[in-house]
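Participant: The file below is start.csv, CSV, C-alpha atoms and all ligand atoms:
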chain,number,residue,atom,x,y,z
B,1,MET,CA,0.0,0.0,0.0
B,2,LYS,CA,1.0,3.6,-0.3
B,3,ILE,CA,1.2,5.0,3.2
B,4,GLY,CA,1.6,8.8,3.9
B,5,ILE,CA,3.2,9.5,7.3
B,6,LEU,CA,2.7,12.8,8.9
B,7,GLY,CA,5.5,13.3,11.4
B,8,ALA,CA,8.9,11.6,11.1
B,9,GLY,CA,9.9,11.4,14.8
B,10,ASN,CA,9.8,8.5,17.2
B,11,ILE,CA,6.6,7.0,15.9
B,12,GLY,CA,6.6,8.2,12.3
B,13,ALA,CA,10.1,7.1,11.4
B,14,THR,CA,9.7,3.8,13.3
B,15,ALA,CA,6.5,3.1,11.5
B,16,ALA,CA,8.1,4.0,8.1
B,17,ARG,CA,10.9,1.5,8.7
B,18,LEU,CA,8.5,-1.2,9.6
B,19,PHE,CA,6.1,-0.5,6.6
B,20,ILE,CA,9.0,-0.5,4.2
B,21,ALA,CA,10.3,-3.7,5.6
B,22,ALA,CA,6.9,-5.2,5.1
B,23,GLY,CA,6.9,-4.3,1.4
B,24,HIS,CA,4.8,-1.1,1.5
B,25,GLU,CA,5.7,2.3,-0.1
B,26,VAL,CA,5.8,5.4,2.2
B,27,ALA,CA,6.0,9.1,2.1
B,28,VAL,CA,7.4,10.8,5.2
B,29,SER,CA,6.9,14.4,6.2
B,30,ASN,CA,7.7,16.7,9.1
B,31,SER,CA,7.6,20.4,10.0
B,32,ARG,CA,11.0,21.3,8.4
B,33,GLY,CA,10.3,20.0,4.9
B,34,PRO,CA,11.5,17.2,2.6
B,35,ASP,CA,15.2,18.3,2.6
B,36,SER,CA,15.5,17.5,6.3
B,37,LEU,CA,14.3,14.0,5.6
B,38,ARG,CA,17.0,13.1,3.0
B,39,GLU,CA,19.0,10.9,5.3
B,40,LEU,CA,15.9,9.0,6.5
B,41,VAL,CA,14.7,8.2,3.0
B,42,GLN,CA,18.2,7.2,1.9
B,43,GLU,CA,18.2,4.7,4.8
B,44,LEU,CA,14.7,3.5,3.8
B,45,GLY,CA,15.5,3.0,0.1
B,46,PRO,CA,13.6,3.5,-3.2
B,47,ARG,CA,10.1,2.8,-1.8
B,48,ALA,CA,10.4,5.8,0.5
B,49,HIS,CA,9.8,9.4,-0.4
B,50,ALA,CA,10.3,12.7,1.5
B,51,MET,CA,7.3,15.1,1.0
B,52,THR,CA,5.6,18.0,2.5
B,53,ILE,CA,2.7,17.3,4.9
B,54,ASP,CA,0.2,18.0,2.2
B,55,GLY,CA,2.1,15.9,-0.3
B,56,ALA,CA,2.2,12.9,2.1
B,57,ALA,CA,-1.5,13.3,2.7
B,58,VAL,CA,-2.2,13.2,-1.0
B,59,PHE,CA,0.2,10.3,-1.6
B,60,GLY,CA,-1.2,7.9,1.0
B,61,GLU,CA,-4.1,5.5,0.4
B,62,VAL,CA,-3.7,5.3,4.2
B,63,VAL,CA,-2.3,8.2,6.2
B,64,LEU,CA,-0.7,8.0,9.6
B,65,LEU,CA,-1.0,10.9,12.0
B,66,ALA,CA,2.2,10.9,14.1
B,67,VAL,CA,2.5,14.6,15.0
B,68,PRO,CA,1.7,16.2,18.4
B,69,TRP,CA,-2.0,16.2,19.0
B,70,ARG,CA,-1.8,19.7,20.5
B,71,SER,CA,-0.6,21.1,17.1
B,72,PRO,CA,-3.6,21.2,14.7
B,73,GLU,CA,-1.4,23.3,12.3
B,74,ALA,CA,0.7,20.1,11.8
B,75,LEU,CA,-2.2,18.5,9.9
B,76,PRO,CA,-2.9,18.9,6.2
B,77,ARG,CA,-5.9,20.7,4.7
B,78,PRO,CA,-8.8,18.4,5.7
B,79,GLU,CA,-10.1,18.2,2.1
B,80,LEU,CA,-6.9,16.4,1.1
B,81,LEU,CA,-7.8,13.6,3.5
B,82,ARG,CA,-11.6,13.3,2.9
B,83,GLY,CA,-12.6,9.7,2.3
B,84,LYS,CA,-9.2,8.3,3.1
B,85,ILE,CA,-8.3,5.9,5.8
B,86,VAL,CA,-6.5,7.9,8.5
B,87,ILE,CA,-4.7,6.3,11.5
B,88,ASP,CA,-4.7,8.5,14.6
B,89,ALA,CA,-1.6,7.6,16.6
B,90,MET,CA,-1.7,10.9,18.5
B,91,ASN,CA,-2.1,11.2,22.3
B,92,PRO,CA,-3.4,14.4,23.9
B,93,TYR,CA,-0.3,15.4,25.8
B,94,HIS,CA,0.0,18.9,27.1
B,95,PRO,CA,3.4,20.6,26.5
B,96,ASP,CA,4.0,20.4,30.3
B,97,GLY,CA,3.6,16.6,30.1
B,98,GLY,CA,0.1,16.2,31.5
B,99,PHE,CA,-3.0,15.5,29.4
B,100,TYR,CA,-5.7,17.8,28.1
B,101,ASP,CA,-9.0,17.6,29.9
B,102,LEU,CA,-11.4,16.8,27.0
B,103,GLY,CA,-14.5,16.6,29.2
B,104,GLY,CA,-16.6,13.7,28.0
B,105,SER,CA,-14.9,13.6,24.6
B,106,THR,CA,-11.8,11.6,23.5
B,107,SER,CA,-8.8,12.7,21.5
B,108,SER,CA,-9.7,10.9,18.3
B,109,GLU,CA,-13.2,12.3,18.3
B,110,GLU,CA,-11.6,15.7,18.5
B,111,VAL,CA,-9.3,14.8,15.6
B,112,LEU,CA,-12.3,13.7,13.5
B,113,LYS,CA,-13.8,17.2,14.1
B,114,ARG,CA,-10.6,18.6,12.6
B,115,MET,CA,-10.9,16.5,9.5
B,116,PRO,CA,-14.6,15.6,8.8
B,117,GLY,CA,-15.2,12.8,6.3
B,118,VAL,CA,-12.1,10.8,6.9
B,119,ARG,CA,-12.3,7.1,7.8
B,120,LEU,CA,-10.6,7.4,11.1
B,121,VAL,CA,-9.0,4.5,13.0
B,122,LYS,CA,-7.3,5.0,16.3
B,123,ALA,CA,-4.2,2.8,16.5
B,124,PHE,CA,-0.6,2.8,17.6
B,125,ASN,CA,-1.5,5.1,20.6
B,126,THR,CA,-0.8,2.7,23.4
B,127,ILE,CA,2.6,1.3,22.2
B,128,TYR,CA,5.9,2.9,23.2
B,129,TYR,CA,7.9,3.6,20.1
B,130,VAL,CA,10.9,1.5,21.3
B,131,HIS,CA,8.5,-1.5,21.6
B,132,LEU,CA,7.1,-0.7,18.1
B,133,ALA,CA,10.7,-0.8,16.8
B,134,SER,CA,11.6,-4.0,18.4
B,135,ARG,CA,8.6,-6.2,19.3
B,136,GLY,CA,7.1,-7.0,15.9
B,137,HIS,CA,7.7,-10.6,15.0
B,138,LYS,CA,6.0,-12.1,12.0
B,139,GLU,CA,7.4,-15.5,12.8
B,140,LEU,CA,5.4,-15.7,16.0
B,141,PRO,CA,2.0,-17.4,16.2
B,142,HIS,CA,-0.6,-14.7,16.3
B,143,ASP,CA,-1.5,-15.2,20.0
B,144,ASP,CA,2.1,-14.7,21.0
B,145,ARG,CA,2.5,-11.4,19.2
B,146,HIS,CA,2.6,-8.0,21.0
B,147,THR,CA,-0.8,-6.4,20.7
B,148,ILE,CA,-1.6,-3.1,18.9
B,149,TYR,CA,-5.2,-2.0,19.5
B,150,VAL,CA,-7.6,-0.5,16.9
B,151,ALA,CA,-10.8,1.5,17.4
B,152,GLY,CA,-13.1,3.1,15.0
B,153,ASP,CA,-16.6,3.3,13.4
B,154,ASP,CA,-15.6,2.1,9.9
B,155,ALA,CA,-15.2,-1.7,9.9
B,156,ALA,CA,-13.6,-1.9,6.5
B,157,ALA,CA,-11.1,0.8,7.5
B,158,LYS,CA,-10.3,-1.0,10.7
B,159,ALA,CA,-9.7,-4.2,8.7
B,160,VAL,CA,-7.2,-2.4,6.4
B,161,VAL,CA,-5.3,-0.9,9.4
B,162,SER,CA,-5.4,-4.3,11.2
B,163,GLN,CA,-3.8,-5.9,8.2
B,164,LEU,CA,-1.0,-3.3,8.2
B,165,ILE,CA,-0.4,-4.1,11.9
B,166,GLU,CA,-0.3,-7.8,11.1
B,167,ASP,CA,2.1,-7.1,8.2
B,168,ILE,CA,4.6,-5.6,10.6
B,169,GLY,CA,4.5,-8.5,13.0
B,170,PHE,CA,2.0,-7.4,15.7
B,171,ALA,CA,-1.4,-8.7,16.6
B,172,ALA,CA,-4.2,-6.2,15.9
B,173,MET,CA,-7.0,-6.2,18.4
B,174,ASP,CA,-10.3,-4.4,18.0
B,175,THR,CA,-11.4,-2.4,21.1
B,176,GLY,CA,-14.7,-1.2,19.5
B,177,SER,CA,-16.0,2.2,18.4
B,178,LEU,CA,-14.0,5.4,18.1
B,179,ARG,CA,-15.7,6.6,21.2
B,180,GLU,CA,-15.6,3.7,23.6
B,181,GLY,CA,-12.7,1.7,22.1
B,182,GLY,CA,-10.9,5.0,21.6
B,183,ARG,CA,-11.5,5.9,25.3
B,184,LEU,CA,-9.8,2.6,26.2
B,185,GLN,CA,-6.8,3.5,24.2
B,186,GLU,CA,-6.3,6.9,25.8
B,187,PRO,CA,-3.3,7.6,28.2
B,188,GLU,CA,-3.8,6.2,31.7
B,189,SER,CA,-6.2,3.5,30.5
B,190,PRO,CA,-5.3,0.0,31.8
B,191,ILE,CA,-4.0,-1.1,28.4
B,192,TYR,CA,-1.9,2.0,27.8
B,193,ASN,CA,1.8,1.2,27.4
B,194,GLN,CA,1.2,-2.5,28.4
B,195,THR,CA,3.0,-5.3,26.6
B,196,TYR,CA,0.2,-7.8,26.4
B,197,ASN,CA,0.4,-10.4,23.7
B,198,ALA,CA,-2.9,-11.2,21.9
B,199,ARG,CA,-3.9,-14.0,24.2
B,200,GLU,CA,-3.3,-11.9,27.3
B,201,ALA,CA,-5.0,-8.8,25.7
B,202,ARG,CA,-8.1,-10.8,24.8
B,203,LYS,CA,-8.5,-12.1,28.4
B,204,PHE,CA,-7.8,-8.6,29.8
B,205,LEU,CA,-10.4,-6.9,27.6
B,206,ALA,CA,-13.0,-9.6,28.4
B,207,ALA,CA,-12.3,-9.1,32.2
B,208,LEU,CA,-12.7,-5.3,31.8
B,209,GLN,CA,-16.0,-5.8,30.0
B,210,ARG,CA,-17.3,-7.9,32.9
B,211,GLN,CA,-16.5,-5.2,35.4
B,212,PRO,CA,-19.6,-3.1,36.5
B,213,GLN,CA,-19.6,0.3,34.8
B,301,LIG,N1,6.8,8.4,21.5
B,301,LIG,C1,5.9,7.4,21.7
B,301,LIG,O1,6.4,6.3,22.2
B,301,LIG,C2,4.5,7.5,21.2
B,301,LIG,C3,3.7,6.3,21.3
B,301,LIG,C4,2.4,6.3,20.9
B,301,LIG,C5,1.9,7.5,20.4
B,301,LIG,N2,2.7,8.6,20.3
B,301,LIG,C6,2.1,9.9,19.7
B,301,LIG,O2,2.6,10.0,18.4
B,301,LIG,C7,2.8,11.4,18.1
B,301,LIG,C8,4.2,11.6,17.7
B,301,LIG,O3,5.0,11.3,18.8
B,301,LIG,P1,6.6,11.2,18.6
B,301,LIG,O4,7.1,10.6,19.9
B,301,LIG,O5,6.9,10.5,17.4
B,301,LIG,O6,7.0,12.7,18.5
B,301,LIG,P2,8.4,13.3,18.0
B,301,LIG,O7,9.5,12.3,18.0
B,301,LIG,O8,8.5,14.6,18.7
B,301,LIG,O9,8.0,13.7,16.4
B,301,LIG,C9,7.0,14.6,16.1
B,301,LIG,C10,7.0,14.8,14.6
B,301,LIG,O10,6.0,15.7,14.3
B,301,LIG,C11,6.5,16.7,13.6
B,301,LIG,N3,5.8,18.0,13.8
B,301,LIG,C12,5.7,18.7,15.0
B,301,LIG,N4,5.1,19.8,14.9
B,301,LIG,C13,4.8,19.9,13.6
B,301,LIG,C14,4.1,20.9,12.8
B,301,LIG,N5,3.6,22.0,13.4
B,301,LIG,N6,4.0,20.7,11.5
B,301,LIG,C15,4.4,19.5,10.9
B,301,LIG,N7,5.1,18.6,11.6
B,301,LIG,C16,5.2,18.8,12.9
B,301,LIG,C17,7.9,16.8,13.9
B,301,LIG,O11,8.6,17.5,12.8
B,301,LIG,P3,10.1,18.1,13.1
B,301,LIG,O12,11.0,16.9,13.4
B,301,LIG,O13,10.4,18.8,11.8
B,301,LIG,O14,10.0,19.0,14.2
B,301,LIG,C18,8.3,15.4,14.1
B,301,LIG,O15,8.6,14.8,12.8
B,301,LIG,C19,2.3,12.2,19.3
B,301,LIG,O16,1.0,12.6,19.1
B,301,LIG,C20,2.4,11.2,20.4
B,301,LIG,O17,1.5,11.4,21.5
B,301,LIG,C21,4.0,8.6,20.7
Here is a file; write its structure as structure tokens.

Facilitator:
Amino acid sequence: MKIGILGAGNIGATAARLFIAAGHEVAVSNSRGPDSLRELVQELGPRAHAMTIDGAAVFGEVVLLAVPWRSPEALPRPELLRGKIVIDAMNPYHPDGGFYDLGGSTSSEEVLKRMPGVRLVKAFNTIYYVHLASRGHKELPHDDRHTIYVAGDDAAAKAVVSQLIEDIGFAAMDTGSLREGGRLQEPESPIYNQTYNAREARKFLAALQRQPQ
């Protein structure tokens, strides 16, 4: 697939390496422009391209948001993304290190308001980038793989994102809707930054569902 990656830091560059290794084509982008990404695309090889944020948005059949959530100016013009599968990996960190109080809302619901009409899937939020870089193992049986959670309201989009997660050696696990599954993937939730494999994650999610609300 052609994957546009917005943000080429810890998460963006790590995801780019993994998607390239899995046979996909990527466009990476950042705040400083394509020239600053020359070294990274050289490392990644001919299926990697350095682009502007808007360029990477247009390039991707799937677009990964890996910029700070607090910086809406880092996102492309929403019309460039309309109808596309967009993966929201962003977490609502405050510059001082805490989290924004979103009232009853969740960070991905707020992202969807910034880009109406995209097929939004929340994923890659709960995994530390060092684990993303090192814990994907395609050779492992599915149940033994490190889990990456997906949430969203578009089942077909979730299936595409889940396949990408499987392609890079992780187990994709559906937590539900953008609102309720998404809430479960927010910082400070019990699955945030945990290293459950698929077998453990399934049990843990089932136990959570049995708890009285
Ligand atoms: N770090 C983790 O383990 C982790 C795990 C899960 C989710 N996340 C989430 O993933 C997102 C990225 O985190 P990260 O750790 O990868 O951050 P990071 O290493 O600081 O990288 C951020 C990237 O966003 C770009 N960026 C920042 N402001 C921008 C702007 N105004 N316009 C265009 N691009 C801009 C930066 O470009 P420049 O390099 O040019 O400044 C950089 O490429 C965050 O929302 C974070 O909450 C992080």

Participant: Identify the residues around (5.0, 2.8, -3.6) within a radius of 12 Å, measuring from all atoms listed in the file in the coordinates stated by the file, and give them as an NGL selection string.

Facilitator: :B and (1-4 or 19-20 or 22-27 or 45-49 or 56 or 59-62)

Participant: Measuring between all atoms listed in the file, which one of B:Arg70, B:Arg183, B:Lys158, B:Arg38 shows the shortest distance to Val86 (chain B)?

Facilitator: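 Checking each of B:Arg70, B:Arg183, B:Lys158, B:Arg38 against Val86 (chain B), counting all atoms listed in the file, the winner is B:Lys158.
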
Participant: For Arg82 (chain B), which residue among B:Gly117, B:Gly7, B:Pro190, B:Pro34 is the nearest when counting only C-alpha atoms?

Facilitator: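 So, comparing all the options, the nearest one is B:Gly117.
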
Participant: Using Å and a single decimal, report how far CA of Val160 (chain B) sits from atom C16 of ligand LIG 301 (chain B).

Facilitator: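 Value for the atom C16 of ligand LIG 301 (chain B)-CA of Val160 (chain B) distance: 25.4 Å.
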
Participant: Which one is closest to ligand LIG 301 (chain B): B:Pro187, B:Asp174, B:Leu102, B:Leu164? Count all atoms listed in the file.

Facilitator: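 Looking only at the distances to ligand LIG 301 (chain B), the closest residue turns out to be B:Pro187.
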
Participant: Quick one: residues within 7 Å of Ala123 (chain B), only C-alpha atoms counted, chain neighbours fewer than 3 positions away excluded, as number ranges by chain?

Facilitator: B: 87-89, 148-151

Participant: What would the file look like if the residues just selected were written as a short mmCIF file (atom, residue, chain, number, x, y, z; two decimals), in the frame of the given file with C-alpha atoms?

Facilitator:
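Generated output (again12.cif):
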data_model
loop_
_atom_site.label_atom_id
_atom_site.label_comp_id
_atom_site.auth_asym_id
_atom_site.auth_seq_id
_atom_site.Cartn_x
_atom_site.Cartn_y
_atom_site.Cartn_z
CA ILE B 87 -4.70 6.30 11.50
CA ASP B 88 -4.70 8.50 14.60
CA ALA B 89 -1.60 7.60 16.60
CA ILE B 148 -1.60 -3.10 18.90
CA TYR B 149 -5.20 -2.00 19.50
CA VAL B 150 -7.60 -0.50 16.90
CA ALA B 151 -10.80 1.50 17.40
#

Participant: Measuring atom to atom with all atoms listed in the file, identify which of B:Val28, B:Val41, B:Leu75, B:Met90 is nearest to ligand LIG 301 (chain B).

Facilitator: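 Looking at the shortest contact to ligand LIG 301 (chain B), the residue is B:Met90.
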
Participant: Within 6 Å of ligand LIG 301 (chain B) (counting all atoms listed in the file), which residues show up? I'd like them as a PyMOL selection string.

Facilitator: chain B and resi 7-12+30-32+66-69+71+73-74+89-91+124-129

Participant: Taking all atoms listed in the file into account, which of B:Gly33, B:Asp143, B:Gly152, B:Asp96 comes nearest Lys203 (chain B)?

Facilitator: B:Asp143

Participant: Could you tell me how far CA of Ala133 (chain B) lies from CA of Gly55 (chain B), in Å and to one decimal?

Facilitator: 25.4 Å

Participant: Excluding Thr195 (chain B) and residues on its chain fewer than 2 positions from it, collect all residues at most 12 Å away from it, counting only C-alpha atoms, and give them as number ranges by chain.

Facilitator: B: 126-128, 130-132, 134-136, 144-149, 170-171, 190-193, 197-201, 204
